[in-house]
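Here's the structure we're looking at; comments come further down.
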There are 2 protein chains.
Amino acid sequence: MTFTEQHERRIPQRTIPRLSHYYRALLESREVQLISSETIAELTGYTAAQVRRDLAYFGQFGTPGRGYSVEDLKKVLLQILGIDHQWNVALIGMGNLGLALLRYRGFHEQGFNIIAGFDNDPRKVGQMIEGVKVHQMDELAEYAKRDQIRMAVVTVPASAAQAVVDQLVGVGVKAILNFAPVRLQVPGGVKIHNIDLAIELERLSFLAIHK
Amino acid sequence: MTFTEQHERRIPQRTIPRLSHYYRALLESREVQLISSETIAELTGYTAAQVRRDLAYFGQFGTPGRGYSVEDLKKVLLQILGIDHQWNVALIGMGNLGLALLRYRGFHEQGFNIIAGFDNDPRKVGQMIEGVKVHQMDELAEYAKRDQIRMAVVTVPASAAQAVVDQLVGVGVKAILNFAPVRLQVPGGVKIHNIDLAIELERLSFLAIHK
DNA sequence: CGTCATTTGTGATGACTTTCACGGAACAAC
DNA sequence: GTTGTTCCGTGAAAGTCATCACAAATGACG
Ligand SMILES: NC(=O)c1ccc[n+]([C@@H]2O[C@H](COP(=O)([O-])OP(=O)(O)OC[C@H]3O[C@@H](n4cnc5c(N)ncnc54)[C@H](O)[C@@H]3O)[C@@H](O)[C@H]2O)c1
Ligand SMILES: NC(=O)c1ccc[n+]([C@@H]2O[C@H](COP(=O)([O-])OP(=O)(O)OC[C@H]3O[C@@H](n4cnc5c(N)ncnc54)[C@H](O)[C@@H]3O)[C@@H](O)[C@H]2O)c1
């Protein structure tokens, strides 16, 4: 069973992180060969109807009366999420956050292979961290081409983020995860996703006060 | 003008991070005294109607024909978001990510005052980082009480996260930002918000492939 | 083969969220 | 005081998303 790009309907935004959670649940259930939407729901905290609906957006992967094949569904989810092959990722900005991300082992296991760090501070260039070398910014183009880098993580100060993103776009990067608290412009075809930790704290503060 | 808790309607989830963005926009517009929903919309990338609707959930803060007072609206947003007073925050798990968060200056400026770090690794206990001391876990109760800690950030391995959260709940923490990729149980009244960076990368991967 | 228990995929419904569009409030100008 | 302009607050409409509930598919069993 494979997922063939269909895209009849639009996919709700919140479906996508749910798919990631479903995938995690499958990884934890190695014993069984078949799993029901009800079981996936229990493991993830969603509802069975939600699970079935989310999966049905992409095709028919289950067997009525039986459930979903764990092995098949894992493969399908990897394909849908685009992590059935490794992404080569560049990390720009080797400061506090950049170093923490680089030192984290988890990403590689999940298909995200940080293959190079970049920084414009000469003191940081040349370092080896977890087997990854830190380069100066003007080597970006060379590496992007050689290693087919199409995803990048941006952990530079807000004031530098737009310039960095422009450089990334210029060397063909198509997907950017940005941690700088600033709204960035990218041309169509390039996807950017922002994580703003201060805003997440504020969201938590709101929840704690009001609900 | 002040925001007095009304809570007639339910607030859409996505309103809250938008309020944070509106607040940021106001910080950047020091010159003007009045600002229109249209201008806030331009600065933040939302629509004017969305801005007005979001603010109207909490009261009437604008003047027809004029706009919103920047000063007043800033105060109102601070109140709504619960960051008009400092939150004392504990950080549990002084590893890669915990250290990066501790070294970041931005949080303090935005009302989140990380006043103590905690770790169960004796080698990390006793360190001073950015003026914040790292304590052993059994000192948590003492500090939580003395410094009225009601918010915590959890950056321990997934396997330890539930135990840590249980301890935090036990000492009266009401709001938890969790970075461990695991679903955590908390009693009612305690708010937990999860940030799962691997899932954010997967979301980006999906976007880059499909849209 | 027929019956039964199970569980998917989906039309229908309802809930939630955003957008539209306008009445009316506010003020400037004359 | 009247007119004109601006722009908020909100009812109504449109759009999006989650849940309900069931027909149909599957296999176990006798
Ligand atoms: N550290 C955190 O916990 C944290 C939390 C929330 C948000 N952020 C955001 O993440 C970003 C990074 O934070 P940080 O604490 O790691 O900052 P940092 O100052 O420690 O690191 C930034 C790095 O980017 C490099 N840099 C600056 N300009 C550059 C350029 N033009 N090209 C390449 N490299 C450049 C610097 O040399 C430095 O190494 C910031 O935007 C910050 O607002 C960080
Ligand atoms: N570092 C990253 O970039 C990154 C990215 C994504 C997710 N995460 C998640 O964030 C968490 C932390 O990641 P990290 O890379 O900083 O890990 P790390 O191993 O560097 O740090 C974890 C710290 O927690 C401490 N710890 C362990 N058990 C504890 C307990 N019971 N009580 C108190 N302290 C305890 C350890 O001593 C260590 O200092 C993990 O759950 C990880 O999956 C991290």
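Each chain of the structure tokens is named A, B, ... in the order shown, its residues numbered from 1; ligands are numbered from 1 in display order.
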* **Exercise: B:Asn113 partners within 10 Å, only C-alpha atoms (C1' of nucleotides), chain neighbours under 6 positions left out, as an MDAnalysis selection string** => chainID B and resid 86:90 102 105:107 149 151
Kindly provide the residues of chain B that approach ligand 2 to within 6 Å, each paired with its closest atom pair and their distance in Å to one decimal, based on only C-alpha atoms and all ligand atoms, listed by chain and increasing number, as JSON lines.
```
{"residue": "B:Ile92", "atom": "CA", "partner": "ligand 2", "partner_atom_place_in_ligand_line": "33 (C)", "distance": 5.8}
{"residue": "B:Gly93", "atom": "CA", "partner": "ligand 2", "partner_atom_place_in_ligand_line": "24 (O)", "distance": 3.5}
{"residue": "B:Met94", "atom": "CA", "partner": "ligand 2", "partner_atom_place_in_ligand_line": "39 (O)", "distance": 4.2}
{"residue": "B:Gly95", "atom": "CA", "partner": "ligand 2", "partner_atom_place_in_ligand_line": "21 (O)", "distance": 3.1}
{"residue": "B:Asn96", "atom": "CA", "partner": "ligand 2", "partner_atom_place_in_ligand_line": "16 (O)", "distance": 3.6}
{"residue": "B:Leu97", "atom": "CA", "partner": "ligand 2", "partner_atom_place_in_ligand_line": "16 (O)", "distance": 3.8}
{"residue": "B:Gly98", "atom": "CA", "partner": "ligand 2", "partner_atom_place_in_ligand_line": "16 (O)", "distance": 5.4}
{"residue": "B:Asp119", "atom": "CA", "partner": "ligand 2", "partner_atom_place_in_ligand_line": "34 (N)", "distance": 3.7}
{"residue": "B:Asn120", "atom": "CA", "partner": "ligand 2", "partner_atom_place_in_ligand_line": "33 (C)", "distance": 4.3}
{"residue": "B:Asp121", "atom": "CA", "partner": "ligand 2", "partner_atom_place_in_ligand_line": "37 (O)", "distance": 4.4}
{"residue": "B:Thr155", "atom": "CA", "partner": "ligand 2", "partner_atom_place_in_ligand_line": "12 (C)", "distance": 4.1}
{"residue": "B:Val156", "atom": "CA", "partner": "ligand 2", "partner_atom_place_in_ligand_line": "24 (O)", "distance": 3.7}
{"residue": "B:Pro157", "atom": "CA", "partner": "ligand 2", "partner_atom_place_in_ligand_line": "41 (O)", "distance": 3.5}
{"residue": "B:Ala158", "atom": "CA", "partner": "ligand 2", "partner_atom_place_in_ligand_line": "41 (O)", "distance": 4.4}
{"residue": "B:Ala160", "atom": "CA", "partner": "ligand 2", "partner_atom_place_in_ligand_line": "31 (N)", "distance": 4.7}
{"residue": "B:Val164", "atom": "CA", "partner": "ligand 2", "partner_atom_place_in_ligand_line": "31 (N)", "distance": 5.8}
{"residue": "B:Phe179", "atom": "CA", "partner": "ligand 2", "partner_atom_place_in_ligand_line": "10 (O)", "distance": 4.7}
{"residue": "B:Ala180", "atom": "CA", "partner": "ligand 2", "partner_atom_place_in_ligand_line": "41 (O)", "distance": 3.3}
{"residue": "B:Pro181", "atom": "CA", "partner": "ligand 2", "partner_atom_place_in_ligand_line": "43 (O)", "distance": 5.5}
{"residue": "B:Leu197", "atom": "CA", "partner": "ligand 2", "partner_atom_place_in_ligand_line": "6 (C)", "distance": 4.8}
{"residue": "B:Ala198", "atom": "CA", "partner": "ligand 2", "partner_atom_place_in_ligand_line": "6 (C)", "distance": 5.9}
```
* To do: Using only C-alpha atoms, determine which residues of chain A fall within 6 Å of chain B; present them as a PyMOL selection string.
  => chain A and resi 81-82+96-97+100+175+191+205-206+208
* Select all residues from chain B having any atom no more than 8 Å from an atom of chain D (counting only C-alpha atoms (C1' of nucleotides), ignoring ligands), output as a PyMOL selection string. => chain B and resi 36+52-53+56+60+62-67
* Asked: At what distance in Å, to one decimal, does atom 11 (C, counted along the ligand's line) of ligand 1 lie from atom CA of B:Gly131?
  -> 20.3 Å
Would you tabulate, counting only C-alpha atoms (C1' of nucleotides), all residues of chain C that have an atom at most 6 Å from an atom of chain A, showing the closest pair of atoms and their distance in Å to one decimal, sorted by chain then ascending number, as JSON lines?
```
{"residue": "C:DT6", "atom": "C1'", "partner": "A:Gly65", "partner_atom": "CA", "distance": 4.5}
{"residue": "C:DT7", "atom": "C1'", "partner": "A:Gly65", "partner_atom": "CA", "distance": 4.1}
{"residue": "C:DT8", "atom": "C1'", "partner": "A:Pro64", "partner_atom": "CA", "distance": 4.1}
```
* Looking only at helix (DSSP H, G or I) from DSSP on the backbone, list the matching residues of stretch 15-189 of chain B as a PyMOL selection string. => chain B and resi 15-27+37-44+48-56+70-81+96-103+106-109+137-146+158-170
Filtering to C-alpha atoms, could you give me those residues as a compact mmCIF listing (two decimals), in the first residue's frame?
```
# COMPACT_ATOMS: atom_id res chain seq x y z
CA THR B 15 -6.98 34.81 18.69
CA ILE B 16 -4.42 34.59 21.47
CA PRO B 17 -1.19 34.44 19.45
CA ARG B 18 -2.66 37.15 17.24
CA LEU B 19 -3.00 39.37 20.29
CA SER B 20 0.71 38.85 20.92
CA HIS B 21 1.45 39.95 17.38
CA TYR B 22 -0.74 43.02 17.77
CA TYR B 23 1.16 43.89 20.92
CA ARG B 24 4.47 43.62 19.11
CA ALA B 25 3.17 45.88 16.37
CA LEU B 26 2.22 48.48 18.96
CA LEU B 27 5.70 48.38 20.46
CA SER B 37 -7.20 48.42 12.91
CA GLU B 38 -6.10 48.80 9.30
CA THR B 39 -2.59 49.84 10.34
CA ILE B 40 -2.30 47.04 12.89
CA ALA B 41 -3.40 44.68 10.15
CA GLU B 42 -0.71 45.91 7.78
CA LEU B 43 1.98 45.57 10.43
CA THR B 44 0.98 42.07 11.41
CA ALA B 48 -8.49 44.81 9.78
CA ALA B 49 -11.75 43.00 10.47
CA GLN B 50 -9.87 40.25 12.25
CA VAL B 51 -8.05 42.78 14.42
CA ARG B 52 -11.29 44.54 15.40
CA ARG B 53 -13.09 41.26 16.08
CA ASP B 54 -10.25 39.92 18.22
CA LEU B 55 -10.09 43.05 20.34
CA ALA B 56 -13.86 43.26 20.61
CA VAL B 70 -1.58 52.96 21.35
CA GLU B 71 -0.78 53.45 25.02
CA ASP B 72 -4.12 52.20 26.25
CA LEU B 73 -4.19 49.25 23.91
CA LYS B 74 -0.72 48.20 24.97
CA LYS B 75 -1.85 48.13 28.59
CA VAL B 76 -5.00 46.24 27.71
CA LEU B 77 -3.10 43.59 25.75
CA LEU B 78 -0.59 43.16 28.54
CA GLN B 79 -3.47 42.56 30.92
CA ILE B 80 -5.28 40.15 28.63
CA LEU B 81 -2.14 38.14 27.97
CA ASN B 96 21.18 21.67 25.55
CA LEU B 97 17.82 23.30 25.26
CA GLY B 98 17.47 24.38 28.86
CA LEU B 99 20.80 26.21 28.74
CA ALA B 100 19.87 27.95 25.49
CA LEU B 101 16.60 29.18 26.97
CA LEU B 102 18.31 30.34 30.14
CA ARG B 103 20.92 32.29 28.23
CA GLY B 106 14.41 38.13 25.55
CA PHE B 107 12.15 36.38 28.00
CA HIS B 108 12.86 38.63 30.92
CA GLU B 109 11.97 41.68 28.89
CA MET B 137 15.42 18.80 42.36
CA ASP B 138 14.66 18.42 46.05
CA GLU B 139 15.03 22.16 46.51
CA LEU B 140 12.15 22.77 44.12
CA ALA B 141 9.44 22.90 46.78
CA GLU B 142 11.34 25.43 48.86
CA TYR B 143 11.92 27.80 45.93
CA ALA B 144 8.44 27.38 44.52
CA LYS B 145 7.00 28.48 47.82
CA ARG B 146 9.43 31.29 48.55
CA ALA B 158 10.79 12.49 27.43
CA SER B 159 11.26 9.57 29.81
CA ALA B 160 11.58 11.92 32.79
CA ALA B 161 8.97 14.49 31.81
CA GLN B 162 5.90 13.00 33.50
CA ALA B 163 7.73 12.61 36.81
CA VAL B 164 8.98 16.18 36.60
CA VAL B 165 5.54 17.49 35.76
CA ASP B 166 4.09 15.60 38.72
CA GLN B 167 6.64 17.28 40.99
CA LEU B 168 5.82 20.68 39.53
CA VAL B 169 2.12 20.16 40.04
CA GLY B 170 2.87 19.04 43.57
```
* To do: Please run DSSP on the backbone and report, as a count of residues only, all residues within stretch 112-195 of chain B that come out as strand (DSSP E or B).
  => 27
* Select, from B:Gly117, B:Pro122, B:Pro12, B:Gly172, the residue with the minimum atom-to-atom distance to B:Val186, counting only C-alpha atoms. =>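 Answer, going by the shortest atom-to-atom distance: B:Gly172.
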* Got a sec: who's within 6 Å of B:Lys133, counting only C-alpha atoms (C1' of nucleotides), leaving out chain neighbours fewer than 2 positions off, as a PyMOL selection string? -> chain B and resi 116+127-128
* Structure fact -> Closest of A:Ile114, A:Val173, A:Ile129, A:Leu91 to ligand 1, counting only C-alpha atoms and all ligand atoms, is A:Leu91
